[in-house]
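Worksheet for the structure shown next.
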Amino acid sequence: MPRKVRIAGAKATAEAVKAANVDVICSYPIRPYTGTMIELARMVADGELDAEFVHGEGEHAQLSVVLGASAAGARVFTGTSGVGATYAFELYSPIAGEFHPVQCMIANRTLDPPGDFGSEHTDALSARDQGWLMGWAASPQEAYDNTLIYYRLGEDPRVMLPQFPCQDGYFISHISGEVELADSDQVEEFLPPFNPRNKLDPRQPVLMGPQCRADQGAAIELGRAEAMVRAREVIPSVIADFNRVFGRNYSPFLQEYMTEDADMVFFGQGAHTVPARLAAERLRKDGLKVGVVQLRFMRPFPTDEVAEALSRFKVVGVLEISNSFGAVYDSGPVTAEVLSALYYAPAQPKVLTFLGGLGGENIRLADYYEMARAMKAAADAERLKKRVFWLGFEPLHVA
Amino acid sequence: MAQARLGAQKPDKIEIADYEPIRSMRNVPTTEYYVPGHRTCGGCMPALAYRLTALAAGPNTVFAGPTGCMYVANTSYLCGPWAVPWIHTQITNGGAVISGIAAAYKAMIRKGKYDGEYPNIICFAGDGGSSDIGLQALSGAMYRNHDLLFITYDNEAYANTGIQVSPMTPYGAYTTFTPPGKVVPDAKPLFPKDLLKMVAAGHPAVKYLATASVSYPLDLMNKVRKALAVKGPTFMHIHAPCPKGWSFEAHRGPEIGKLAVETGMWTLYEIEDGHVKVNVRPRKWRPVKDYVATQGRFSHLTDEMIQRLQAFVDAKLADLGLEAEPPTPVPPVAG
Ligand SMILES: Cc1ncc(C[n+]2csc(CCOP(=O)(O)OP(=O)(O)O)c2C)c(N)n1
Ligand code: SF4
Ligand SMILES: [Mg+2]
């Protein structure tokens, strides 16, 4: 029987890793993801989970250890946060390019500087172009579910890509919520054992990652690109299967909230979409028809779904919890994707960017109200003078 | 011998499985696992070291190859010369990748997911990928008590990038990053790291370490066999002359490797459970000058510089207890 508990995202992820019966785990300490590893270390020590627990000598080693283990045929887990995610960067391309479906959770943390402990998505998003599946959980339950969904997706023979299930540090990783833990029959039904076609088995020798000539290189990269395209095709059926087995109600790519009659929406990923929902409810009293669209996968980016969904509204306010200094309109990586997706959309809404939550600062409910008023002003304005705002640092005057 | 033992406290005893030493060159197995089909330079001694290692290790083996000549020159055109599984690693992380492979086999065998025998897991890394940018991963692998073998093939430079100085480059050697000039006439002014001692001294899980040379193939192969038979992490450091990097004629590699041992530039020894055993002790030490004379990379050295190199070698030999002792010929067979 599935069982309900109150736990935070970090612990929920550990529970899902245990449910997935991984073979090799590699650790290195950095807050806030450590919460997951501490729990896994206990599970292995207590014999609740039969896995090799390897103490990596750094994040670079963590990713290297799980690469080797995955290549040998093991299901693997590792994780990191903040500067740990950037320290390991060298491995992201080899892992994806050689099709090792390793899972590396990221509990987001700001990079240095500012060097604080806050959540910000820049750590993970810096690695968005390497061929890893990537998306954010908006609750501990989603953190739990995503770990199982990502193993299933990543290990699908049509995909074979590594995965970054992300969760906002602290907001998700360390605030408890109700989590329904699966029973083993459900997991068995949803997640088949990992059995890659190619592995480092002396009885069937293979080469992994050999050199090639420049004119052989493009085809190899095309393979990675096609795997990502296939992942986008596979996601709806995997999510449908997950909903069926676990009794959930996820949309594959975009979770919409109060959008039926909305003329403007907050668009974002992860924890910050939760207060956005509360703000949307309350703003109805002021006559502001605001909805929320939560992006569930950043990679593969659901271009058609985003284009179609967002073109229904007059204004989209992107919650940009990450930096990309010098990016288009001095906005950020999520805005850049949204604007690109909308270029060929049936209609173009006005798009505002709210850079907030940086360094882990809170976005307060009052901020959401202010953003909503700016979106309303944008809807009414003929021309926009300003579209990108650093929340808390400048007035949100659009016209 | 200056130190009978080398290394930190080693609470666990060494555990060695049965293995078959190769008694003579006539008994070398004939099935090769590193076969033709690569484009290393003519006379490449690291390639020969690979071949001998693969011969000794046999079919139940997985190789990991960090970036370097033994990756690039072996696997060009998406193919490679191994008849056993091989995986590329970054130049930075050979030790960590084989740690993962070892952990995977341990878990999969325990959980019934793999029904074969635990394989030989060997990282075959360059000196740069071992003593410099890969040192952290090497140390991690040696520390964590995985059952694996890390081999450094030492061509004394970052060869694949066009011969740049590494921590293993000898004093006085020309590389493209250490050209001799008016201000730095001796080219490389520093003395090399002692990688084997570093591994031996600081990693209590390591029960067997050995140096080897391609010029002593039987000794090399038997050390590989023994290292693989010893439970836990083991380390080998193989001297492998590089005709391109050291600038000598392609056919002279074996001779130069031998000369390195005869001059004390390289020493063949092993450390088993903390006990140091020298395997080859020349009757009479030849002067370093003879070695230097065989290679273009030393052609700018003055007598005074060669003297510095000789003094370094003398001190190194003294440290191993090898100074001017009556020559005791020891057969070049490990074990
Ligand atoms: C992170 C990183 N930095 C630099 C390089 C460039 N690089 C490629 S091969 C090589 C030389 C390797 O030297 P060594 O480990 O001694 O092996 P050798 O080429 O001498 O066989 C270097 C530095 C790289 N591949 N990766
Ligand atoms: S440069 Fe040296 S190590 Fe590299 S392939 Fe040529 S001979 Fe071998
Ligand atoms: Mg080298």
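Labels for the structure tokens follow display order: chains A, B, ..., residues from 1 in each chain, ligands from 1.
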Determine, for each residue of chain B having at least one atom at most 12 Å from an atom of ligand 2, the closest pair of atoms and their separation in Å to one decimal, counting only C-alpha atoms and all ligand atoms; order by chain and ascending number, as JSON lines.
```
{"residue": "B:His38", "atom": "CA", "partner": "ligand 2", "partner_atom_place_in_ligand_line": "5 (S)", "distance": 9.5}
{"residue": "B:Arg39", "atom": "CA", "partner": "ligand 2", "partner_atom_place_in_ligand_line": "5 (S)", "distance": 7.3}
{"residue": "B:Thr40", "atom": "CA", "partner": "ligand 2", "partner_atom_place_in_ligand_line": "5 (S)", "distance": 3.9}
{"residue": "B:Cys41", "atom": "CA", "partner": "ligand 2", "partner_atom_place_in_ligand_line": "6 (Fe)", "distance": 4.1}
{"residue": "B:Gly42", "atom": "CA", "partner": "ligand 2", "partner_atom_place_in_ligand_line": "7 (S)", "distance": 6.7}
{"residue": "B:Gly43", "atom": "CA", "partner": "ligand 2", "partner_atom_place_in_ligand_line": "7 (S)", "distance": 6.3}
{"residue": "B:Cys44", "atom": "CA", "partner": "ligand 2", "partner_atom_place_in_ligand_line": "7 (S)", "distance": 3.8}
{"residue": "B:Met45", "atom": "CA", "partner": "ligand 2", "partner_atom_place_in_ligand_line": "8 (Fe)", "distance": 6.2}
{"residue": "B:Pro46", "atom": "CA", "partner": "ligand 2", "partner_atom_place_in_ligand_line": "3 (S)", "distance": 5.6}
{"residue": "B:Ala47", "atom": "CA", "partner": "ligand 2", "partner_atom_place_in_ligand_line": "8 (Fe)", "distance": 6.4}
{"residue": "B:Leu48", "atom": "CA", "partner": "ligand 2", "partner_atom_place_in_ligand_line": "8 (Fe)", "distance": 9.1}
{"residue": "B:Ala49", "atom": "CA", "partner": "ligand 2", "partner_atom_place_in_ligand_line": "8 (Fe)", "distance": 10.3}
{"residue": "B:Tyr50", "atom": "CA", "partner": "ligand 2", "partner_atom_place_in_ligand_line": "8 (Fe)", "distance": 10.9}
{"residue": "B:Thr67", "atom": "CA", "partner": "ligand 2", "partner_atom_place_in_ligand_line": "4 (Fe)", "distance": 11.4}
{"residue": "B:Gly68", "atom": "CA", "partner": "ligand 2", "partner_atom_place_in_ligand_line": "4 (Fe)", "distance": 7.8}
{"residue": "B:Cys69", "atom": "CA", "partner": "ligand 2", "partner_atom_place_in_ligand_line": "4 (Fe)", "distance": 4.6}
{"residue": "B:Met70", "atom": "CA", "partner": "ligand 2", "partner_atom_place_in_ligand_line": "5 (S)", "distance": 7.0}
{"residue": "B:Tyr71", "atom": "CA", "partner": "ligand 2", "partner_atom_place_in_ligand_line": "5 (S)", "distance": 9.5}
{"residue": "B:Val72", "atom": "CA", "partner": "ligand 2", "partner_atom_place_in_ligand_line": "5 (S)", "distance": 8.4}
{"residue": "B:Ala73", "atom": "CA", "partner": "ligand 2", "partner_atom_place_in_ligand_line": "5 (S)", "distance": 5.9}
{"residue": "B:Asn74", "atom": "CA", "partner": "ligand 2", "partner_atom_place_in_ligand_line": "5 (S)", "distance": 8.4}
{"residue": "B:Thr75", "atom": "CA", "partner": "ligand 2", "partner_atom_place_in_ligand_line": "5 (S)", "distance": 11.5}
{"residue": "B:Ser76", "atom": "CA", "partner": "ligand 2", "partner_atom_place_in_ligand_line": "5 (S)", "distance": 11.8}
{"residue": "B:Ala125", "atom": "CA", "partner": "ligand 2", "partner_atom_place_in_ligand_line": "3 (S)", "distance": 11.4}
{"residue": "B:Gly126", "atom": "CA", "partner": "ligand 2", "partner_atom_place_in_ligand_line": "3 (S)", "distance": 8.7}
{"residue": "B:Asp127", "atom": "CA", "partner": "ligand 2", "partner_atom_place_in_ligand_line": "3 (S)", "distance": 10.5}
{"residue": "B:Gly128", "atom": "CA", "partner": "ligand 2", "partner_atom_place_in_ligand_line": "3 (S)", "distance": 11.8}
{"residue": "B:Tyr153", "atom": "CA", "partner": "ligand 2", "partner_atom_place_in_ligand_line": "3 (S)", "distance": 9.0}
{"residue": "B:Asp154", "atom": "CA", "partner": "ligand 2", "partner_atom_place_in_ligand_line": "3 (S)", "distance": 8.7}
{"residue": "B:Asn155", "atom": "CA", "partner": "ligand 2", "partner_atom_place_in_ligand_line": "3 (S)", "distance": 6.1}
{"residue": "B:Glu156", "atom": "CA", "partner": "ligand 2", "partner_atom_place_in_ligand_line": "3 (S)", "distance": 9.3}
{"residue": "B:Ala157", "atom": "CA", "partner": "ligand 2", "partner_atom_place_in_ligand_line": "3 (S)", "distance": 8.8}
{"residue": "B:Tyr158", "atom": "CA", "partner": "ligand 2", "partner_atom_place_in_ligand_line": "1 (S)", "distance": 8.7}
{"residue": "B:Ala159", "atom": "CA", "partner": "ligand 2", "partner_atom_place_in_ligand_line": "1 (S)", "distance": 5.0}
{"residue": "B:Asn160", "atom": "CA", "partner": "ligand 2", "partner_atom_place_in_ligand_line": "4 (Fe)", "distance": 5.6}
{"residue": "B:Thr161", "atom": "CA", "partner": "ligand 2", "partner_atom_place_in_ligand_line": "1 (S)", "distance": 8.7}
{"residue": "B:Gly162", "atom": "CA", "partner": "ligand 2", "partner_atom_place_in_ligand_line": "1 (S)", "distance": 7.4}
{"residue": "B:Ile163", "atom": "CA", "partner": "ligand 2", "partner_atom_place_in_ligand_line": "1 (S)", "distance": 7.4}
{"residue": "B:Gln164", "atom": "CA", "partner": "ligand 2", "partner_atom_place_in_ligand_line": "1 (S)", "distance": 10.8}
{"residue": "B:His239", "atom": "CA", "partner": "ligand 2", "partner_atom_place_in_ligand_line": "3 (S)", "distance": 11.2}
{"residue": "B:Ala240", "atom": "CA", "partner": "ligand 2", "partner_atom_place_in_ligand_line": "3 (S)", "distance": 7.9}
{"residue": "B:Pro241", "atom": "CA", "partner": "ligand 2", "partner_atom_place_in_ligand_line": "2 (Fe)", "distance": 7.4}
{"residue": "B:Cys242", "atom": "CA", "partner": "ligand 2", "partner_atom_place_in_ligand_line": "2 (Fe)", "distance": 4.0}
{"residue": "B:Pro243", "atom": "CA", "partner": "ligand 2", "partner_atom_place_in_ligand_line": "7 (S)", "distance": 5.1}
{"residue": "B:Lys244", "atom": "CA", "partner": "ligand 2", "partner_atom_place_in_ligand_line": "1 (S)", "distance": 5.0}
{"residue": "B:Gly245", "atom": "CA", "partner": "ligand 2", "partner_atom_place_in_ligand_line": "2 (Fe)", "distance": 5.6}
{"residue": "B:Trp246", "atom": "CA", "partner": "ligand 2", "partner_atom_place_in_ligand_line": "2 (Fe)", "distance": 8.1}
{"residue": "B:Ser247", "atom": "CA", "partner": "ligand 2", "partner_atom_place_in_ligand_line": "2 (Fe)", "distance": 9.4}
{"residue": "B:Phe248", "atom": "CA", "partner": "ligand 2", "partner_atom_place_in_ligand_line": "7 (S)", "distance": 10.0}
{"residue": "B:Glu249", "atom": "CA", "partner": "ligand 2", "partner_atom_place_in_ligand_line": "7 (S)", "distance": 10.5}
{"residue": "B:Ala250", "atom": "CA", "partner": "ligand 2", "partner_atom_place_in_ligand_line": "7 (S)", "distance": 8.2}
{"residue": "B:His251", "atom": "CA", "partner": "ligand 2", "partner_atom_place_in_ligand_line": "7 (S)", "distance": 11.1}
{"residue": "B:Arg252", "atom": "CA", "partner": "ligand 2", "partner_atom_place_in_ligand_line": "7 (S)", "distance": 11.6}
{"residue": "B:Gly253", "atom": "CA", "partner": "ligand 2", "partner_atom_place_in_ligand_line": "7 (S)", "distance": 9.4}
```
For chain B, which residues have at least one atom within 7 Å of chain A, if we go by only C-alpha atoms? Write them as a PyMOL selection string, please. chain B and resi 59-62+72+75-79+83-88+93+96-101+103-104+107-108+137+140
Could you pull out all residues of segment 137-318 of chain A with a DSSP call of alpha helix (DSSP H) and give them as a VMD selection string? chain A and resid 140 to 155 184 to 190 214 to 246 273 to 283 303 to 310
Those in segment 15-258 of chain B with strand (DSSP E) from DSSP, as a PyMOL selection string: chain B and resi 61-66+86-89+120-126+149-154+208-213+234-239
Only C-alpha atoms, please: the residues just picked out, written as a short mmCIF file (atom, residue, chain, number, x, y, z; two decimals), in the first residue's frame.
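Full text of again-v4.cif as output:
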```
data_model
loop_
_atom_site.label_atom_id
_atom_site.label_comp_id
_atom_site.auth_asym_id
_atom_site.auth_seq_id
_atom_site.Cartn_x
_atom_site.Cartn_y
_atom_site.Cartn_z
CA THR B 61 39.45 -7.16 -18.31
CA VAL B 62 37.96 -3.69 -18.64
CA PHE B 63 40.26 -0.82 -19.60
CA ALA B 64 39.67 2.87 -18.98
CA GLY B 65 41.82 5.30 -20.94
CA PRO B 66 42.17 8.94 -19.97
CA TRP B 86 37.47 -0.06 -23.18
CA ILE B 87 36.07 3.32 -22.14
CA HIS B 88 37.49 6.76 -22.62
CA THR B 89 37.77 8.94 -19.55
CA ASN B 120 40.23 -6.86 -13.92
CA ILE B 121 39.57 -3.13 -13.92
CA ILE B 122 42.54 -1.17 -15.20
CA CYS B 123 43.05 2.53 -15.79
CA PHE B 124 45.88 3.16 -18.24
CA ALA B 125 46.77 6.81 -17.74
CA GLY B 126 49.55 9.08 -18.95
CA LEU B 149 44.64 -1.33 -10.86
CA PHE B 150 45.83 2.13 -11.84
CA ILE B 151 48.73 2.16 -14.28
CA THR B 152 50.70 5.25 -15.19
CA TYR B 153 52.52 4.93 -18.49
CA ASP B 154 55.22 7.50 -18.15
CA TYR B 208 51.00 -3.51 -3.83
CA LEU B 209 52.83 -0.96 -5.97
CA ALA B 210 55.48 -1.46 -8.60
CA THR B 211 57.53 0.40 -11.12
CA ALA B 212 58.18 -1.29 -14.44
CA SER B 213 59.73 -0.61 -17.81
CA THR B 234 47.11 -1.39 -6.71
CA PHE B 235 49.37 0.96 -8.58
CA MET B 236 52.00 0.58 -11.28
CA HIS B 237 54.28 3.20 -12.78
CA ILE B 238 55.69 2.13 -16.15
CA HIS B 239 58.60 3.90 -17.78
#
```
List the neighbours of Gly257 of chain B out to 7 Å using only C-alpha atoms; skip same-chain residues closer than 2 positions along the sequence, and give me the result as a PyMOL selection string. chain B and resi 213-215+241+253-255+259-261
Next, dump the selected residues to file, keeping only N, CA, C and O atoms, as a CSV table (one decimal), in the first residue's frame.
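Everything below was put into again.csv:
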```
chain,number,residue,atom,x,y,z
B,213,SER,N,59.2,-1.2,-16.6
B,213,SER,CA,59.7,-0.6,-17.8
B,213,SER,C,59.4,-1.5,-19.0
B,213,SER,O,59.5,-2.7,-18.9
B,214,VAL,N,59.1,-0.9,-20.1
B,214,VAL,CA,58.8,-1.7,-21.3
B,214,VAL,C,60.1,-2.5,-21.7
B,214,VAL,O,60.0,-3.5,-22.4
B,215,SER,N,61.2,-2.1,-21.3
B,215,SER,CA,62.4,-2.8,-21.7
B,215,SER,C,62.6,-4.1,-20.9
B,215,SER,O,63.6,-4.8,-21.2
B,241,PRO,N,59.6,5.1,-22.9
B,241,PRO,CA,60.2,6.1,-23.8
B,241,PRO,C,59.4,6.5,-25.0
B,241,PRO,O,58.7,5.6,-25.6
B,253,GLY,N,64.0,2.6,-28.6
B,253,GLY,CA,63.2,2.7,-27.4
B,253,GLY,C,63.6,1.6,-26.4
B,253,GLY,O,63.9,2.0,-25.2
B,254,PRO,N,63.7,0.3,-26.7
B,254,PRO,CA,64.1,-0.7,-25.8
B,254,PRO,C,65.4,-0.4,-25.2
B,254,PRO,O,65.6,-0.6,-23.9
B,255,GLU,N,66.3,0.0,-26.0
B,255,GLU,CA,67.7,0.3,-25.5
B,255,GLU,C,67.7,1.4,-24.5
B,255,GLU,O,68.4,1.4,-23.5
B,259,LEU,N,68.8,1.6,-20.6
B,259,LEU,CA,69.8,2.5,-20.2
B,259,LEU,C,69.3,3.4,-19.0
B,259,LEU,O,70.1,3.7,-18.1
B,260,ALA,N,68.0,3.7,-19.0
B,260,ALA,CA,67.5,4.4,-17.9
B,260,ALA,C,67.7,3.6,-16.6
B,260,ALA,O,68.0,4.2,-15.6
B,261,VAL,N,67.4,2.3,-16.7
B,261,VAL,CA,67.6,1.5,-15.5
B,261,VAL,C,69.1,1.3,-15.1
B,261,VAL,O,69.4,1.4,-13.9
```
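Residues in contact with Asp147 of chain B at up to 7 Å, not including ones fewer than 6 positions away on its chain and judged by only C-alpha atoms, are Ala102, Lys231, Gly232 and Pro233 of chain B.
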Determine, counting only C-alpha atoms, which protein, DNA and RNA residues have an atom within 9 Å of an atom of segment 13-16 of chain A; residues of the same chain fewer than 2 positions away are not included. Present the result as an MDAnalysis selection string. chainID A and resid 8:11 18:21 35:40 43 105 140:141 143:148 173 181:182
Those residues you just picked out, can you put them in a file as a tab-separated table (two decimals), in the first residue's frame with N, CA, C and O atoms?
```tsv
chain	number	residue	atom	x	y	z
A	8	ALA	N	10.37	16.69	3.61
A	8	ALA	CA	10.80	17.73	2.68
A	8	ALA	C	11.35	17.09	1.41
A	8	ALA	O	11.57	15.88	1.34
A	9	GLY	N	11.61	17.94	0.41
A	9	GLY	CA	12.03	17.45	-0.91
A	9	GLY	C	13.30	16.63	-0.89
A	9	GLY	O	13.41	15.63	-1.61
A	10	ALA	N	14.27	17.05	-0.08
A	10	ALA	CA	15.54	16.33	-0.06
A	10	ALA	C	15.33	14.89	0.38
A	10	ALA	O	15.86	13.95	-0.23
A	11	LYS	N	14.52	14.72	1.40
A	11	LYS	CA	14.26	13.38	1.91
A	11	LYS	C	13.36	12.62	0.94
A	11	LYS	O	13.52	11.40	0.75
A	18	LYS	N	15.64	5.16	-3.21
A	18	LYS	CA	15.53	3.83	-2.59
A	18	LYS	C	14.49	2.99	-3.34
A	18	LYS	O	14.74	1.82	-3.65
A	19	ALA	N	13.37	3.61	-3.66
A	19	ALA	CA	12.33	2.87	-4.39
A	19	ALA	C	12.86	2.39	-5.74
A	19	ALA	O	12.48	1.32	-6.22
A	20	ALA	N	13.75	3.19	-6.35
A	20	ALA	CA	14.30	2.82	-7.66
A	20	ALA	C	15.39	1.77	-7.54
A	20	ALA	O	15.95	1.33	-8.56
A	21	ASN	N	15.72	1.39	-6.32
A	21	ASN	CA	16.70	0.33	-6.06
A	21	ASN	C	18.01	0.55	-6.83
A	21	ASN	O	18.47	-0.31	-7.57
A	35	GLY	N	21.01	17.02	2.16
A	35	GLY	CA	19.90	16.39	2.87
A	35	GLY	C	19.55	15.05	2.26
A	35	GLY	O	19.24	14.08	2.98
A	36	THR	N	19.61	14.96	0.94
A	36	THR	CA	19.30	13.71	0.26
A	36	THR	C	20.37	12.66	0.56
A	36	THR	O	20.08	11.50	0.87
A	37	MET	N	21.64	13.07	0.45
A	37	MET	CA	22.74	12.11	0.62
A	37	MET	C	22.83	11.59	2.05
A	37	MET	O	23.15	10.42	2.27
A	38	ILE	N	22.57	12.47	3.00
A	38	ILE	CA	22.62	12.05	4.41
A	38	ILE	C	21.60	10.93	4.63
A	38	ILE	O	21.88	9.92	5.28
A	39	GLU	N	20.44	11.12	4.04
A	39	GLU	CA	19.38	10.13	4.18
A	39	GLU	C	19.77	8.82	3.48
A	39	GLU	O	19.58	7.72	4.02
A	40	LEU	N	20.37	8.95	2.29
A	40	LEU	CA	20.77	7.74	1.56
A	40	LEU	C	21.89	7.00	2.30
A	40	LEU	O	21.91	5.77	2.34
A	43	MET	N	20.28	5.00	4.89
A	43	MET	CA	19.56	3.84	4.34
A	43	MET	C	20.52	2.71	3.98
A	43	MET	O	20.24	1.54	4.22
A	105	MET	N	20.57	14.73	-9.14
A	105	MET	CA	19.61	15.74	-8.66
A	105	MET	C	20.35	17.03	-8.37
A	105	MET	O	21.51	17.03	-7.98
A	140	PRO	N	7.52	18.72	-2.57
A	140	PRO	CA	8.25	17.49	-2.24
A	140	PRO	C	7.66	16.27	-2.97
A	140	PRO	O	8.40	15.39	-3.38
A	141	GLN	N	6.35	16.25	-3.14
A	141	GLN	CA	5.75	15.13	-3.88
A	141	GLN	C	6.28	15.07	-5.31
A	141	GLN	O	6.61	14.00	-5.82
A	143	ALA	N	9.09	16.24	-6.31
A	143	ALA	CA	10.49	15.84	-6.24
A	143	ALA	C	10.58	14.32	-6.20
A	143	ALA	O	11.40	13.71	-6.91
A	144	TYR	N	9.74	13.72	-5.40
A	144	TYR	CA	9.70	12.26	-5.30
A	144	TYR	C	9.34	11.66	-6.66
A	144	TYR	O	10.03	10.79	-7.19
A	145	ASP	N	8.26	12.15	-7.22
A	145	ASP	CA	7.76	11.58	-8.47
A	145	ASP	C	8.75	11.77	-9.61
A	145	ASP	O	8.95	10.88	-10.44
A	146	ASN	N	9.37	12.96	-9.65
A	146	ASN	CA	10.28	13.24	-10.77
A	146	ASN	C	11.46	12.26	-10.81
A	146	ASN	O	11.91	11.87	-11.88
A	147	THR	N	11.94	11.88	-9.64
A	147	THR	CA	13.07	10.94	-9.64
A	147	THR	C	12.67	9.64	-10.34
A	147	THR	O	13.41	9.12	-11.19
A	148	LEU	N	11.49	9.13	-10.07
A	148	LEU	CA	11.05	7.90	-10.73
A	148	LEU	C	10.76	8.14	-12.21
A	148	LEU	O	11.15	7.35	-13.07
A	173	SER	N	13.61	21.68	-0.97
A	173	SER	CA	14.44	20.63	-0.36
A	173	SER	C	14.27	20.55	1.15
A	173	SER	O	14.44	19.49	1.73
A	181	LEU	N	4.38	7.88	-0.59
A	181	LEU	CA	5.46	6.99	-1.01
A	181	LEU	C	4.86	5.77	-1.70
A	181	LEU	O	3.89	5.18	-1.22
A	182	ALA	N	5.45	5.41	-2.83
A	182	ALA	CA	4.92	4.31	-3.62
A	182	ALA	C	5.13	2.98	-2.92
A	182	ALA	O	6.03	2.85	-2.08
```
What lies within 7 Å of segment 266-282 of chain A using only C-alpha atoms, ignoring chain neighbours under 4 positions off, as a PyMOL selection string? chain A and resi 136-139+167-168+171-172+257+290-296+316-319+365+368-369
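In this comparison, which uses only C-alpha atoms and all ligand atoms, the residue of B:Ile22, B:Leu138, B:Val313, B:Met168 approaching ligand 3 most closely is B:Met168.
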Excluding same-chain residues fewer than 5 positions from Pro189 of chain B, what lies within 10 Å of it counting only C-alpha atoms, as a PyMOL selection string? chain B and resi 170-173+178+180+184+305
Keeping only C-alpha atoms, write those residues as a compact mmCIF listing (two decimals), in the first residue's frame.
```
# COMPACT_ATOMS: atom_id res chain seq x y z
CA PRO B 170 63.16 15.08 -15.88
CA TYR B 171 65.32 18.04 -14.92
CA GLY B 172 66.92 19.64 -17.94
CA ALA B 173 64.59 18.25 -20.59
CA THR B 178 60.35 24.55 -21.41
CA PRO B 180 66.15 26.34 -23.22
CA VAL B 184 66.49 29.53 -18.49
CA MET B 305 73.77 20.65 -15.68
```
Take atom CA of Ala381 of chain A and atom CA of Ala327 of chain A and report the distance between them in Å, one decimal.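 These two atoms are separated by 25.1 Å.
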